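Asker: Structure: model-v5.cif, mmCIF, C-alpha atoms and all ligand atoms.
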```cif
data_entry
loop_
_atom_site.label_atom_id
_atom_site.label_comp_id
_atom_site.auth_asym_id
_atom_site.auth_seq_id
_atom_site.Cartn_x
_atom_site.Cartn_y
_atom_site.Cartn_z
CA MET A 1 -27.62 -48.95 50.99
CA LEU A 2 -29.63 -46.43 52.96
CA SER A 3 -27.95 -45.25 56.13
CA VAL A 4 -30.83 -45.94 58.51
CA ILE A 5 -32.68 -49.20 58.03
CA PRO A 6 -35.28 -50.04 60.68
CA LYS A 7 -36.73 -53.55 60.36
CA GLN A 8 -39.96 -54.04 58.49
CA ILE A 9 -42.75 -54.87 60.93
CA ASP A 10 -44.62 -58.15 60.41
CA ASP A 11 -47.92 -56.72 59.21
CA GLU A 12 -46.49 -53.55 57.71
CA SER A 13 -47.23 -52.92 54.04
CA LEU A 14 -44.25 -52.64 51.72
CA ILE A 15 -45.27 -49.14 50.63
CA GLY A 16 -45.71 -48.17 54.29
CA TYR A 17 -42.22 -49.49 55.00
CA ILE A 18 -40.84 -47.51 52.07
CA LEU A 19 -42.47 -44.37 53.50
CA ARG A 20 -40.84 -45.07 56.85
CA LEU A 21 -37.44 -45.57 55.21
CA THR A 22 -38.01 -42.33 53.31
CA ALA A 23 -38.70 -40.35 56.48
CA ARG A 24 -35.96 -41.97 58.56
CA ASN A 25 -33.35 -41.24 55.91
CA GLY A 26 -34.26 -37.61 55.60
CA PHE A 27 -35.97 -37.76 52.21
CA GLN A 28 -39.18 -35.89 51.48
CA ILE A 29 -40.78 -38.37 49.12
CA PRO A 30 -40.03 -41.97 48.04
CA LEU A 31 -39.25 -40.73 44.52
CA ASP A 32 -36.17 -39.02 46.00
CA TRP A 33 -34.53 -42.44 46.11
CA ILE A 34 -36.55 -44.98 44.13
CA SER A 35 -38.11 -44.82 40.68
CA GLU A 36 -41.78 -44.37 39.94
CA ALA A 37 -42.00 -47.87 38.45
CA GLN A 38 -40.41 -49.37 41.57
CA LEU A 39 -42.81 -47.43 43.76
CA LYS A 40 -45.87 -48.54 41.83
CA ALA A 41 -44.72 -52.16 41.81
CA SER A 42 -44.10 -51.97 45.56
CA ILE A 43 -47.62 -50.71 46.16
CA ASN A 44 -49.09 -53.54 44.11
CA TYR A 45 -46.62 -56.30 45.03
CA THR A 46 -45.79 -56.78 41.37
CA LEU A 47 -42.02 -56.28 41.63
CA SER A 48 -39.98 -58.03 38.97
CA ALA A 49 -36.81 -59.90 39.94
CA LYS A 50 -34.81 -56.98 38.55
CA GLN A 51 -36.76 -54.49 40.65
CA VAL A 52 -36.29 -56.63 43.77
CA ASN A 53 -32.53 -56.61 43.12
CA ALA A 54 -32.57 -52.84 42.64
CA LEU A 55 -34.46 -52.29 45.89
CA ASN A 56 -32.13 -54.70 47.67
CA ASP A 57 -29.34 -52.25 46.96
CA PHE A 58 -31.11 -49.83 49.29
CA PHE A 59 -32.52 -52.11 51.96
CA PRO A 60 -32.91 -55.85 52.48
CA LEU A 61 -36.34 -56.91 51.23
CA THR A 62 -37.11 -59.51 53.83
CA GLN A 63 -40.83 -60.13 53.67
CA SER A 64 -42.24 -62.52 51.14
CA LEU A 65 -43.58 -60.73 48.09
CA GLY A 66 -46.55 -62.95 47.37
CA SER A 67 -49.10 -61.59 44.96
CA LEU A 68 -52.18 -60.02 46.48
CA SER A 69 -54.71 -61.54 44.16
CA THR A 70 -57.35 -63.88 45.50
CA ARG A 71 -60.46 -65.56 44.15
CA ARG A 72 -62.46 -63.24 41.94
CA HIS A 73 -65.29 -61.44 43.78
CA SER A 74 -66.00 -58.54 41.48
CA VAL A 75 -66.57 -58.08 37.77
CA LEU A 76 -65.26 -54.52 38.05
CA PHE A 77 -61.76 -55.11 39.42
CA HIS A 78 -59.53 -58.06 40.27
CA ASN A 79 -57.30 -56.78 43.05
CA TYR A 80 -58.96 -56.32 46.43
CA HIS A 81 -56.41 -53.97 47.95
CA THR A 82 -56.88 -50.30 47.15
CA GLU A 83 -54.02 -48.65 45.32
CA THR A 84 -54.33 -45.57 47.52
CA PRO A 85 -53.97 -45.53 51.32
CA ARG A 86 -56.69 -46.51 53.76
CA VAL A 87 -55.74 -46.18 57.38
CA CYS A 88 -56.78 -46.23 61.01
CA PRO A 89 -55.56 -42.82 62.20
CA ILE A 90 -55.56 -43.91 65.85
CA CYS A 91 -53.33 -46.94 65.20
CA ILE A 92 -50.96 -44.83 63.14
CA ARG A 93 -50.59 -42.23 65.84
CA HIS A 94 -49.85 -44.96 68.39
CA THR A 95 -47.49 -47.04 66.27
CA GLY A 96 -46.20 -44.90 63.40
CA TYR A 97 -46.53 -47.52 60.68
CA ILE A 98 -49.04 -48.57 58.02
CA LYS A 99 -50.55 -52.04 57.95
CA GLU A 100 -51.13 -53.94 54.73
CA GLU A 101 -54.48 -55.34 55.93
CA TRP A 102 -55.96 -51.83 55.95
CA ARG A 103 -55.94 -51.65 52.18
CA TYR A 104 -57.89 -54.89 51.84
CA ILE A 105 -61.43 -53.80 51.05
CA GLY A 106 -62.81 -56.79 52.97
CA ASN A 107 -61.75 -54.86 56.09
CA LEU A 108 -63.94 -51.82 56.61
CA LYS A 109 -62.92 -50.99 60.15
CA CYS A 110 -59.99 -51.21 62.52
CA PRO A 111 -60.51 -54.28 64.73
CA ILE A 112 -58.68 -52.59 67.60
CA HIS A 113 -60.40 -49.20 67.65
CA GLY A 114 -63.66 -49.96 65.91
CA VAL A 115 -63.39 -46.91 63.68
CA GLY A 116 -63.83 -47.00 59.90
CA LEU A 117 -60.63 -47.20 57.86
CA ILE A 118 -60.43 -43.91 56.02
CA ASP A 119 -59.17 -43.02 52.57
CA PHE A 120 -59.84 -39.29 52.73
CA CYS A 121 -59.48 -36.42 55.17
CA HIS A 122 -62.58 -35.70 57.27
CA LEU A 123 -61.73 -32.00 57.21
CA CYS A 124 -60.64 -31.10 53.66
CA SER A 125 -62.05 -34.21 51.91
CA HIS A 126 -58.82 -34.77 50.01
CA LYS A 127 -58.01 -38.34 49.06
CA LEU A 128 -55.06 -39.62 51.09
CA GLU A 129 -51.77 -40.12 49.30
CA TRP A 130 -48.64 -42.14 49.96
CA SER A 131 -46.80 -39.39 51.76
CA ILE A 132 -44.59 -39.43 54.85
CA THR A 133 -47.01 -37.21 56.78
CA LEU A 134 -49.34 -40.19 56.80
CA LEU A 135 -46.95 -41.89 59.25
CA LYS A 136 -47.90 -39.27 61.83
CA GLY A 137 -51.60 -39.59 61.12
CA ILE A 138 -51.61 -36.21 59.40
CA CYS A 139 -53.63 -35.33 56.30
CA THR A 140 -51.48 -35.64 53.18
CA ASN A 141 -52.89 -32.47 51.63
CA GLU A 142 -50.17 -29.92 52.37
CA MET A 143 -52.69 -27.10 52.53
CA CYS A 144 -54.61 -28.91 55.27
CA GLY A 145 -52.21 -30.83 57.50
CA CYS A 146 -54.77 -31.64 60.17
CA PHE A 147 -54.69 -34.75 62.34
CA LEU A 148 -56.82 -37.36 60.58
CA LYS A 149 -59.93 -38.52 62.35
CA SER A 150 -62.31 -41.39 61.83
CA GLU A 151 -65.72 -42.22 63.24
CA PRO A 152 -66.75 -45.48 64.90
CA LEU A 153 -68.24 -47.81 62.32
CA ASN A 154 -71.20 -49.52 63.85
CA ASN A 155 -73.84 -49.79 61.22
CA VAL A 156 -74.95 -52.69 59.12
CA ILE A 157 -72.08 -52.55 56.64
CA GLU A 158 -69.47 -53.47 59.25
CA CYS A 159 -70.58 -57.13 59.07
CA LEU A 160 -70.37 -57.48 55.29
CA PHE A 161 -68.10 -60.07 53.72
CA ILE A 162 -65.79 -59.31 50.82
CA ASP A 163 -68.17 -60.59 48.14
CA GLU A 164 -71.01 -58.57 49.63
CA ILE A 165 -68.83 -55.48 49.73
CA CYS A 166 -67.99 -56.03 46.06
CA ASP A 167 -71.71 -56.30 45.27
CA CYS A 168 -72.32 -53.00 47.06
CA LEU A 169 -69.48 -51.30 45.20
CA LEU A 170 -70.86 -52.59 41.91
CA ALA A 171 -74.34 -51.27 42.69
CA ASP A 172 -72.87 -47.91 43.65
CA PHE A 173 -70.91 -47.84 40.40
CA VAL A 174 -73.89 -48.74 38.21
CA TYR A 175 -76.05 -46.14 39.92
CA SER A 176 -73.41 -43.48 39.34
CA GLN A 177 -73.12 -44.38 35.63
CA PRO A 178 -76.60 -45.74 34.94
CA TYR A 179 -76.56 -45.61 31.16
CA ASN A 180 -73.28 -47.41 30.76
CA THR A 181 -73.98 -50.61 28.88
CA TYR A 182 -70.53 -52.08 29.50
CA TRP A 183 -68.21 -51.76 32.46
CA PRO A 184 -64.52 -51.10 32.71
CA ASN A 185 -62.09 -53.82 33.61
CA LEU A 186 -60.19 -52.17 36.44
CA SER A 187 -57.16 -53.47 38.27
CA HIS A 188 -58.17 -51.94 41.63
CA PRO A 189 -61.30 -50.66 43.33
CA ASP A 190 -61.61 -47.10 42.22
CA CYS A 191 -64.10 -45.25 44.40
CA GLU A 192 -63.55 -41.85 45.95
CA LYS A 193 -64.61 -42.94 49.43
CA LEU A 194 -64.83 -46.66 50.02
CA LEU A 195 -67.04 -46.56 53.14
CA ALA A 196 -69.53 -44.15 51.58
CA ALA A 197 -69.64 -46.13 48.34
CA THR A 198 -70.20 -49.41 50.20
CA SER A 199 -72.90 -47.89 52.31
CA ASN A 200 -74.63 -46.29 49.33
CA GLY A 201 -74.45 -49.56 47.38
CA TYR A 202 -75.89 -51.41 50.34
CA ASP A 203 -78.87 -49.04 50.45
CA LEU A 204 -79.36 -49.39 46.71
CA LEU A 205 -79.46 -53.17 46.95
CA ASN A 206 -81.77 -53.27 49.96
CA GLY A 207 -83.78 -50.13 49.86
CA ASN A 208 -86.31 -48.42 47.69
CA PHE A 209 -86.27 -50.02 44.24
CA LYS A 210 -88.07 -46.96 42.83
CA ARG A 211 -84.77 -45.09 42.92
CA TRP A 212 -83.52 -47.39 40.18
CA ILE A 213 -86.64 -47.32 38.06
CA GLU A 214 -86.78 -43.54 38.12
CA LEU A 215 -83.32 -43.49 36.60
CA TYR A 216 -84.27 -45.66 33.67
CA ASP A 217 -87.71 -44.17 33.09
CA ALA A 218 -86.17 -40.71 33.01
CA GLN A 219 -86.25 -38.80 29.74
CA ASN A 220 -82.49 -38.46 29.73
CA ASN A 221 -82.02 -42.22 29.56
CA PRO A 222 -80.73 -42.43 25.98
CA PHE A 223 -82.34 -45.87 25.68
CA ASN A 224 -85.69 -44.85 27.14
CA ALA A 225 -87.72 -45.69 24.01
CA LEU A 226 -86.10 -49.06 23.40
CA PRO A 227 -87.79 -52.39 24.15
CA PHE A 228 -87.91 -53.46 27.79
CA LYS A 229 -84.78 -55.62 27.88
CA TYR A 230 -82.63 -52.91 26.30
CA LYS A 231 -84.10 -50.05 28.25
CA TYR A 232 -83.49 -51.73 31.62
CA PHE A 233 -80.46 -53.73 30.51
CA PRO A 234 -78.01 -52.24 33.07
CA LEU A 235 -80.31 -53.46 35.86
CA PHE A 236 -80.33 -57.00 34.49
CA HIS A 237 -76.61 -56.76 33.98
CA LEU A 238 -76.22 -55.79 37.62
CA ALA A 239 -78.51 -58.55 38.88
CA HIS A 240 -76.66 -61.07 36.72
CA SER A 241 -73.31 -59.98 38.16
CA LEU A 242 -74.19 -59.90 41.86
CA GLU A 243 -72.68 -62.67 43.95
CA ASN A 244 -75.34 -62.63 46.65
CA GLU A 245 -79.10 -62.57 46.96
CA TRP A 246 -80.37 -59.04 47.56
CA PHE A 247 -83.78 -57.41 47.77
CA PHE A 248 -82.85 -55.69 44.52
CA SER A 249 -82.91 -58.92 42.51
CA GLU A 250 -86.32 -59.87 43.96
CA GLN A 251 -87.73 -56.51 42.95
CA LEU A 252 -86.25 -56.75 39.50
CA LYS A 253 -88.09 -60.03 38.94
CA ASN A 254 -91.37 -58.24 39.69
CA LEU A 255 -90.51 -55.57 37.19
CA THR A 256 -90.24 -58.22 34.50
CA THR A 257 -93.73 -59.52 35.13
CA SER A 258 -95.57 -56.32 35.88
CA THR A 259 -94.31 -53.94 33.23
CA GLU A 260 -96.13 -53.26 29.98
CA SER A 261 -94.75 -54.40 26.63
CA PRO A 262 -92.25 -52.13 24.89
CA SER A 263 -93.19 -48.89 23.25
CA LYS A 264 -94.21 -49.11 19.58
CA GLN A 265 -92.44 -45.88 18.71
CA SER A 266 -89.89 -46.29 15.98
CA VAL A 267 -86.46 -45.24 17.10
CA ASN A 268 -83.13 -45.64 15.51
CA VAL A 269 -80.38 -46.23 18.00
CA GLY A 270 -76.91 -45.35 16.78
CA SER A 271 -74.77 -47.06 19.35
CA TYR A 272 -75.45 -49.68 21.99
CA VAL A 273 -72.24 -51.32 23.06
CA VAL A 274 -72.23 -54.42 25.25
CA THR A 275 -69.79 -57.26 25.82
CA ALA A 276 -70.33 -60.40 23.78
CA ASP A 277 -71.01 -62.24 27.02
CA SER A 278 -73.81 -59.83 28.04
CA ALA A 279 -75.29 -59.97 24.56
CA MET A 280 -75.63 -63.72 24.74
CA THR A 281 -76.32 -64.46 28.40
CA ILE A 282 -78.40 -61.43 29.40
CA LEU A 283 -79.97 -60.19 26.19
CA GLY A 284 -80.39 -63.66 24.74
CA LEU A 285 -78.88 -62.88 21.35
CA SER A 286 -77.51 -65.80 19.42
CA LYS A 287 -73.97 -66.11 18.20
CA ASP A 288 -75.25 -66.01 14.63
CA GLU A 289 -77.11 -62.76 15.19
CA ILE A 290 -74.00 -61.19 16.64
CA MET A 291 -71.86 -62.46 13.78
CA ASN A 292 -74.31 -61.24 11.15
CA PHE A 293 -74.77 -57.74 12.44
CA SER A 294 -71.53 -56.84 14.18
CA PRO A 295 -68.57 -56.08 11.99
CA GLU A 296 -66.31 -56.53 15.03
CA ALA A 297 -67.31 -60.17 15.39
CA LYS A 298 -67.67 -61.12 11.75
CA ASN A 299 -64.28 -62.57 11.03
CA LYS A 300 -63.74 -64.21 14.39
CA LYS A 301 -63.95 -67.96 14.88
CA VAL A 302 -64.55 -67.62 18.61
CA ILE A 303 -66.01 -64.45 20.10
CA PRO A 304 -64.08 -63.44 23.23
CA SER A 305 -66.60 -62.98 26.05
CA ARG A 306 -65.29 -59.54 27.05
CA MET A 307 -65.18 -58.30 23.47
CA ARG A 308 -67.28 -55.16 23.07
CA ILE A 309 -69.75 -55.14 20.24
CA ASN A 310 -72.18 -52.53 19.02
CA ILE A 311 -75.53 -54.29 18.85
CA ALA A 312 -77.44 -51.22 17.61
CA PRO A 313 -78.02 -52.81 14.18
CA ILE A 314 -79.59 -55.84 15.86
CA ILE A 315 -81.86 -53.65 18.00
CA ASN A 316 -82.92 -51.55 15.02
CA ALA A 317 -83.68 -54.62 12.93
CA THR A 318 -85.88 -56.09 15.70
CA MET A 319 -87.77 -52.85 16.06
CA VAL A 320 -88.56 -52.62 12.35
CA LYS A 321 -89.93 -56.17 12.39
CA LYS A 322 -92.49 -55.29 15.06
ZN ZN B 401 -56.86 -48.72 64.94
ZN ZN B 402 -57.17 -32.56 55.14
#
```
Show me this structure written as structure tokens.
Ligand SMILES: [Zn+2]
Ligand SMILES: [Zn+2]
Answerer:
Amino acid sequence: MLSVIPKQIDDESLIGYILRLTARNGFQIPLDWISEAQLKASINYTLSAKQVNALNDFFPLTQSLGSLSTRRHSVLFHNYHTETPRVCPICIRHTGYIKEEWRYIGNLKCPIHGVGLIDFCHLCSHKLEWSITLLKGICTNEMCGCFLKSEPLNNVIECLFIDEICDCLLADFVYSQPYNTYWPNLSHPDCEKLLAATSNGYDLLNGNFKRWIELYDAQNNPFNALPFKYKYFPLFHLAHSLENEWFFSEQLKNLTTSTESPSKQSVNVGSYVVTADSAMTILGLSKDEIMNFSPEAKNKKVIPSRMRINIAPIINATMVKK
């Protein structure tokens, strides 16, 4: 058992509680007394029975350890709590503990102080870490050590719901990696700065559609010379995956009707990897086509929807036909 065991506060996160126990017992970091696996499982609420027993040797784990997962809102990730800290620096300085609800990406601001929940230092820009200095509202970058500060959040993104926030994060992700034809399957949201990413994604879904088209018409788009549906595929992929109606989807429909037929240039694309699901639902390829051309799918009875296949041979064959 630890020598000093304050009670866990009702809405305190387990990792926040572990930081408090760390500080109160004179340790520098949680890894001074628990293992890395225990720490990670505590952050994610994925503790095994064995790990719970091990932690119980140090302090009584009183709060329920329900899993954090909820209904799926995003194709990019399935846990809606960030793995890294997001905090209200004002609350922390008043109360000295870290709330679980702050990590939930559906919450963009502190309901008490109206400021954005921050995941980085306003001064040195470092991403916040699970460190005991956080309990004092101090930047976790040792070289900085300033008091964290956040600005009032009173723009349009403060009213967004979780599924809208996930749409914005997806748009931000696609824009940052525009020529990615398949997306990762992440456990947690993985953006540098959640507020900035949400806000950028919101602008991308509501603002000037030209920003998108410029990206795909650019010479450095490796798929620039391919037929329409392959050249702009990531945009259709995005529209297909959005949970809400946005201006973006409207604009994309216009693109379909107003753009000229594909270029007649002959190109030979070496690699064009998409998921089986995208190939069938977005690009309209048949199961037979996929089976015939993709060695990965050939010997499978059922094609798993997330299976990645290189459809370059299919694209090349269509282009020769024309
Ligand atoms: Zn607050
Ligand atoms: Zn800093």
Asker: For ligand ZN 401 (chain B), return the neighbouring residues as a PyMOL selection string (distance at most 12 Å; all atoms listed in the file).
Answerer: chain A and resi 86-99+101-102+107-118+137+149-153
Asker: List all protein, DNA and RNA residues that have any atom at most 9 Å from ligand ZN 402 (chain B), counting only C-alpha atoms and all ligand atoms, and write the list as a list in words.
Answerer: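 Counting only what the definition allows, namely only C-alpha atoms and all ligand atoms, the set is Phe120, Cys121, His122, Leu123, Cys124, Ser125, His126, Lys127, Leu128, Ile138, Cys139, Thr140, Asn141, Glu142, Met143, Cys144, Gly145, Cys146, Phe147 and Leu148 of chain A.
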Asker: Pick the closest to Ala239 of chain A from A:Ile303, A:Glu296, A:Leu170, A:Lys136: which is it, counting all atoms listed in the file?
Answerer: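 Residue with the minimum atom-to-atom distance to Ala239 of chain A: A:Leu170.
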Asker: Using only C-alpha atoms, can you tell me which of A:Pro184, A:Pro85, A:Pro60, A:Pro6 comes closest to Asp119 of chain A?
Answerer: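 Ranked by minimum distance to Asp119 of chain A, first place goes to A:Pro85.
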Asker: For the point (-72.9, -59.9, 45.3) in the file's frame, write as a list in words all residues with an atom no more than 9 Å away, counting only C-alpha atoms.
Answerer: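 The answer, in the requested form, is His73, Ser74, Asp163, Glu164, Ile165, Cys166, Asp167, Cys168, Leu170, Ala239, Ser241, Leu242, Glu243, Asn244, Glu245 and Trp246 of chain A.
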Asker: For the residues selected in the previous step, produce a file with C-alpha atoms as a CSV table (one decimal), keeping the file's coordinate frame.
Answerer:
```csv
chain,number,residue,atom,x,y,z
A,73,HIS,CA,-65.3,-61.4,43.8
A,74,SER,CA,-66.0,-58.5,41.5
A,163,ASP,CA,-68.2,-60.6,48.1
A,164,GLU,CA,-71.0,-58.6,49.6
A,165,ILE,CA,-68.8,-55.5,49.7
A,166,CYS,CA,-68.0,-56.0,46.1
A,167,ASP,CA,-71.7,-56.3,45.3
A,168,CYS,CA,-72.3,-53.0,47.1
A,170,LEU,CA,-70.9,-52.6,41.9
A,239,ALA,CA,-78.5,-58.6,38.9
A,241,SER,CA,-73.3,-60.0,38.2
A,242,LEU,CA,-74.2,-59.9,41.9
A,243,GLU,CA,-72.7,-62.7,44.0
A,244,ASN,CA,-75.3,-62.6,46.6
A,245,GLU,CA,-79.1,-62.6,47.0
A,246,TRP,CA,-80.4,-59.0,47.6
```
Asker: What would the list of residues within 9 Å of (-82.6, -46.5, 24.6) (file frame) look like as a compact mmCIF listing (two decimals) with C-alpha atoms, in the coordinates of the input, if only C-alpha atoms are what count?
Answerer:
```txt
# COMPACT_ATOMS: atom_id res chain seq x y z
CA TYR A 179 -76.56 -45.61 31.16
CA ASN A 221 -82.02 -42.22 29.56
CA PRO A 222 -80.73 -42.43 25.98
CA PHE A 223 -82.34 -45.87 25.68
CA ASN A 224 -85.69 -44.85 27.14
CA ALA A 225 -87.72 -45.69 24.01
CA LEU A 226 -86.10 -49.06 23.40
CA PRO A 227 -87.79 -52.39 24.15
CA TYR A 230 -82.63 -52.91 26.30
CA LYS A 231 -84.10 -50.05 28.25
CA TYR A 232 -83.49 -51.73 31.62
CA VAL A 267 -86.46 -45.24 17.10
CA VAL A 269 -80.38 -46.23 18.00
CA TYR A 272 -75.45 -49.68 21.99
```
Asker: Near segment 34-38 of chain A, within 10 Å and counting only C-alpha atoms, which residues show up once chain neighbours fewer than 4 positions away are dropped, as a CSV table (one decimal) with C-alpha atoms, keeping the file's coordinate frame?
Answerer:
```
chain,number,residue,atom,x,y,z
A,18,ILE,CA,-40.8,-47.5,52.1
A,22,THR,CA,-38.0,-42.3,53.3
A,29,ILE,CA,-40.8,-38.4,49.1
A,30,PRO,CA,-40.0,-42.0,48.0
A,42,SER,CA,-44.1,-52.0,45.6
A,43,ILE,CA,-47.6,-50.7,46.2
A,44,ASN,CA,-49.1,-53.5,44.1
A,45,TYR,CA,-46.6,-56.3,45.0
A,46,THR,CA,-45.8,-56.8,41.4
A,47,LEU,CA,-42.0,-56.3,41.6
A,48,SER,CA,-40.0,-58.0,39.0
A,50,LYS,CA,-34.8,-57.0,38.6
A,51,GLN,CA,-36.8,-54.5,40.6
A,52,VAL,CA,-36.3,-56.6,43.8
A,54,ALA,CA,-32.6,-52.8,42.6
A,55,LEU,CA,-34.5,-52.3,45.9
A,58,PHE,CA,-31.1,-49.8,49.3
```
Asker: Could you check how far atom CA of Arg72 of chain A sits from atom CA of Gly16 of chain A, in Å to one decimal?
Answerer: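 We find that atom CA of Arg72 of chain A and atom CA of Gly16 of chain A lie 25.7 Å from each other.
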Asker: Calculated over all atoms listed in the file, which of the candidates A:Ala276, A:Ile132, A:Leu235, A:Leu283 has the smallest distance to Pro178 of chain A?
Answerer: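 Of all the options, A:Leu235 lies closest to Pro178 of chain A.
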Asker: Here is a test: counting all atoms listed in the file, which residue of A:Ser294, A:Asn56, A:Asn316, A:Ser176 is nearest to Glu192 of chain A?
Answerer: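 Of A:Ser294, A:Asn56, A:Asn316, A:Ser176, the one nearest Glu192 of chain A, counting all atoms listed in the file, is A:Ser176.
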Asker: Need to verify the contact set: Pro313 of chain A, 12 Å, all atoms listed in the file, exclusion of same-chain residues closer than 4 positions in sequence. Can you return it as a PyMOL selection string?
Answerer: chain A and resi 267-273+289-295+309+317-320
Asker: Interatomic distance between atom CA of Lys40 of chain A and atom CA of Ser131 of chain A?
Answerer: 13.5 Å
Asker: For atom CA of Ile282 of chain A and atom CA of Lys229 of chain A, determine how far apart the two atoms are, in Å to one decimal place.
Answerer: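 That distance, rounded to one decimal, is 8.8 Å.
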Asker: Quick one: everything within 12 Å of Val156 of chain A, counting all atoms listed in the file, minus sequence neighbours fewer than 6 positions away in the same chain. Send it as number ranges by chain.
Answerer: A: 108, 164-165, 195, 198-200, 202-203, 206
Asker: Pick out the closest residue to Leu135 of chain A from this set: A:Arg20, A:Asn155, A:Tyr182, A:Phe77. Count all atoms listed in the file.
Answerer: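 So, comparing all the options, the nearest one is A:Arg20.
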Asker: Excluding Glu83 of chain A and its own-chain neighbours fewer than 5 positions away, which residues fall within 10 Å of it when counting all atoms listed in the file? Please give them as a PyMOL selection string.
Answerer: chain A and resi 40+43-44+103-104+129-130+187-190
Asker: Output segment 265-278 of chain A as an mmCIF file, in the coordinates of the input, making sure N, CA, C and O atoms are there.
Answerer:
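Below you can see out_4.cif, which holds the result:
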```cif
data_model
loop_
_atom_site.group_PDB
_atom_site.id
_atom_site.type_symbol
_atom_site.label_atom_id
_atom_site.label_comp_id
_atom_site.auth_asym_id
_atom_site.auth_seq_id
_atom_site.Cartn_x
_atom_site.Cartn_y
_atom_site.Cartn_z
ATOM 1 N N GLN A 265 -93.118 -46.973 19.413
ATOM 2 C CA GLN A 265 -92.440 -45.880 18.710
ATOM 3 C C GLN A 265 -91.288 -46.414 17.869
ATOM 4 O O GLN A 265 -90.593 -47.332 18.290
ATOM 5 N N SER A 266 -91.070 -45.825 16.703
ATOM 6 C CA SER A 266 -89.890 -46.290 15.980
ATOM 7 C C SER A 266 -88.728 -45.394 16.341
ATOM 8 O O SER A 266 -88.822 -44.172 16.307
ATOM 9 N N VAL A 267 -87.659 -46.011 16.776
ATOM 10 C CA VAL A 267 -86.460 -45.240 17.100
ATOM 11 C C VAL A 267 -85.292 -45.898 16.391
ATOM 12 O O VAL A 267 -85.322 -47.089 16.089
ATOM 13 N N ASN A 268 -84.306 -45.107 16.153
ATOM 14 C CA ASN A 268 -83.130 -45.640 15.510
ATOM 15 C C ASN A 268 -81.950 -45.370 16.427
ATOM 16 O O ASN A 268 -81.542 -44.233 16.600
ATOM 17 N N VAL A 269 -81.466 -46.430 17.055
ATOM 18 C CA VAL A 269 -80.380 -46.230 18.000
ATOM 19 C C VAL A 269 -79.046 -46.357 17.259
ATOM 20 O O VAL A 269 -78.856 -47.262 16.445
ATOM 21 N N GLY A 270 -78.171 -45.391 17.517
ATOM 22 C CA GLY A 270 -76.910 -45.350 16.780
ATOM 23 C C GLY A 270 -75.858 -46.248 17.381
ATOM 24 O O GLY A 270 -75.106 -46.912 16.680
ATOM 25 N N SER A 271 -75.821 -46.280 18.706
ATOM 26 C CA SER A 271 -74.770 -47.060 19.350
ATOM 27 C C SER A 271 -75.307 -47.699 20.622
ATOM 28 O O SER A 271 -75.968 -47.048 21.428
ATOM 29 N N TYR A 272 -75.052 -48.969 20.769
ATOM 30 C CA TYR A 272 -75.450 -49.680 21.990
ATOM 31 C C TYR A 272 -74.396 -50.771 22.174
ATOM 32 O O TYR A 272 -74.476 -51.849 21.586
ATOM 33 N N VAL A 273 -73.395 -50.429 22.954
ATOM 34 C CA VAL A 273 -72.240 -51.320 23.060
ATOM 35 C C VAL A 273 -72.343 -52.194 24.310
ATOM 36 O O VAL A 273 -72.536 -51.694 25.415
ATOM 37 N N VAL A 274 -72.254 -53.485 24.114
ATOM 38 C CA VAL A 274 -72.230 -54.420 25.250
ATOM 39 C C VAL A 274 -71.113 -55.429 25.013
ATOM 40 O O VAL A 274 -70.587 -55.529 23.906
ATOM 41 N N THR A 275 -70.774 -56.193 26.047
ATOM 42 C CA THR A 275 -69.790 -57.260 25.820
ATOM 43 C C THR A 275 -70.509 -58.428 25.161
ATOM 44 O O THR A 275 -71.727 -58.591 25.303
ATOM 45 N N ALA A 276 -69.747 -59.236 24.461
ATOM 46 C CA ALA A 276 -70.330 -60.400 23.780
ATOM 47 C C ALA A 276 -71.032 -61.296 24.803
ATOM 48 O O ALA A 276 -72.112 -61.839 24.545
ATOM 49 N N ASP A 277 -70.425 -61.408 25.970
ATOM 50 C CA ASP A 277 -71.010 -62.240 27.020
ATOM 51 C C ASP A 277 -72.389 -61.726 27.432
ATOM 52 O O ASP A 277 -73.348 -62.489 27.520
ATOM 53 N N SER A 278 -72.512 -60.401 27.676
ATOM 54 C CA SER A 278 -73.810 -59.830 28.040
ATOM 55 C C SER A 278 -74.820 -60.041 26.924
ATOM 56 O O SER A 278 -75.984 -60.336 27.167
#
```
